[in-house]
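**Student:** The structure is given below, and queries will be raised subsequently.
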Amino acid sequence: MFERFSEEARAAVALAQAEARRLGHDHVGTEHLMLGILTEGTSRAARALVAVGITPGACREKVVEAVGSPTEKHRDGDLELTDRARRSLERAARLSTRERRSQVEAEHILLSVIQVEGRAGQVLRGLGVDPSRVREWIEGPSAPEPTAAGATPEPVAGAPKPTAGAPEPAAAGAAPLVAGRLERSQISPACPNCGIPLEGSLAHQGVASRGERGDLRAFLVAYCGTCGTAIGVANV
C-alpha cells in the first residue's frame, strides 16, 4: 500500500504507530493518523492543522478522551489499522491518482481521514474545529513562498523610505546578531508540546515497521525526552 507514499506521508503513518503505542492503544485509527500528521509537522497537511489552531498536545489529549483508557495488552510488531483508518489510506491513494500525482502526500491522507468520519472528526470537533475548515485550507491557494535569501522585498505602498545611511529595521521575530552570528538562545529549538528546549533533552529510538508483504524496515524516531512527544522520523 505504501509504495507510492511520499517521505512525509510515510513518516506520518510511522508516527501514528508511535503515538498509538505511546498512548497505550492497541490499534491505529483515524485519530492516530491525524496526530501522526500533526507530529510530523512539515507537510501541507500539518500546516493546515496548525493554521486552524490545533497543537500536538491538545490533539493528543482529545485522542485519549476519544479512545478511552489505555489497553493492558502489549503487542509486538505493527499495530493493526482500524477499518476506517485503512479505508482512509486507500482513499488517499485513489485521491492522489485522480489528481495525477506521482506520490500520495500527507494532505491526501488528512483529506481522506476527514471524509470517512471516524474518531478524527470527533477529535476535531472536540477542539472546536469544523473539519470543513481544514479541508478548505488544504484545497485553497498555496501560501506565498518566502522571499529568497538576499532578495530585496517589494516596497509597501505608503511606507516611509529609509533615510540614507540609517540601519535597516530588523524583520519581526528575527534573531539578533552577535559578532556577525545569530544569537544561539534565540534559535534553539523547543518541544512543540511542553516547550522544553530540545538541546540536552532530545532522545531517539529505533522502531521496526513491517509492510503488507512482510518486508521489515527500520526507522529512527526522535522525541522529546521530557514529555515523550515524537519530533520526527528518518529511515535507518
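Residue numbering restarts at 1 for every chain of the C-alpha cells, chains are lettered A, B, ... in their displayed order, and ligands are numbered from 1 as they appear.
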Name all residues at most 12 Å from Leu23 (chain A) (count only C-alpha atoms; drop same-chain ones fewer than 2 positions away) and give them as an MDAnalysis selection string.

**Tutor:** chainID A and resid 16:21 25:28 31:32 35 60:72 74 228:230

**Student:** Mind checking which residues fall within 7 Å of Val134 (chain A), counting only C-alpha atoms, ignoring those fewer than 2 positions away in the same chain, and posting them as a list in words?

**Tutor:**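 Contacts, with the query itself left out: Ala48, Leu49, Val52, Pro131, Ser132, Glu136, Trp137 and Ile138 of chain A.
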
**Student:** Using N, CA and C atoms, can you write the selected residues to a file as a short mmCIF file (atom, residue, chain, number, x, y, z; two decimals), in the first residue's frame?

**Tutor:**
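Produced file selection.cif, reproduced below:
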data_model
loop_
_atom_site.label_atom_id
_atom_site.label_comp_id
_atom_site.auth_asym_id
_atom_site.auth_seq_id
_atom_site.Cartn_x
_atom_site.Cartn_y
_atom_site.Cartn_z
N ALA A 48 -1.92 22.87 7.80
CA ALA A 48 -3.35 23.15 7.81
C ALA A 48 -3.91 22.97 9.22
N LEU A 49 -3.50 21.91 9.89
CA LEU A 49 -3.98 21.67 11.26
C LEU A 49 -3.52 22.77 12.21
N VAL A 52 -5.50 26.10 11.75
CA VAL A 52 -6.84 26.21 12.34
C VAL A 52 -6.78 26.14 13.86
N PRO A 131 -14.35 20.20 10.57
CA PRO A 131 -13.48 19.56 9.59
C PRO A 131 -13.45 20.26 8.24
N SER A 132 -14.54 20.95 7.88
CA SER A 132 -14.57 21.65 6.60
C SER A 132 -13.54 22.77 6.55
N GLU A 136 -10.90 23.23 3.57
CA GLU A 136 -10.79 24.48 2.81
C GLU A 136 -9.36 25.00 2.80
N TRP A 137 -8.64 24.86 3.92
CA TRP A 137 -7.26 25.34 3.98
C TRP A 137 -6.38 24.53 3.04
N ILE A 138 -6.55 23.22 3.02
CA ILE A 138 -5.73 22.36 2.16
C ILE A 138 -6.04 22.60 0.69
#

**Student:** Here is a test: counting only C-alpha atoms, which residue of A:Ala92, A:Ile109, A:Cys59, A:Ile37 is nearest to Leu124 (chain A)?

**Tutor:**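 The closest residue to Leu124 (chain A) is A:Cys59.
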
**Student:** CA of Met34 (chain A) and CA of Ala58 (chain A), how far apart in Å?

**Tutor:**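 Computing it gives 12.4 Å between the two atoms.
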
**Student:** Could you work out how far CA of Tyr223 (chain A) lies from CA of Ala93 (chain A), giving the answer in Å with one decimal?

**Tutor:** 28.6 Å

**Student:** What is the distance, in Å and to one decimal place, between CA of Ala85 (chain A) and CA of Gly29 (chain A)?

**Tutor:**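 Atom-to-atom, CA of Ala85 (chain A) and CA of Gly29 (chain A) are spaced 5.1 Å apart.
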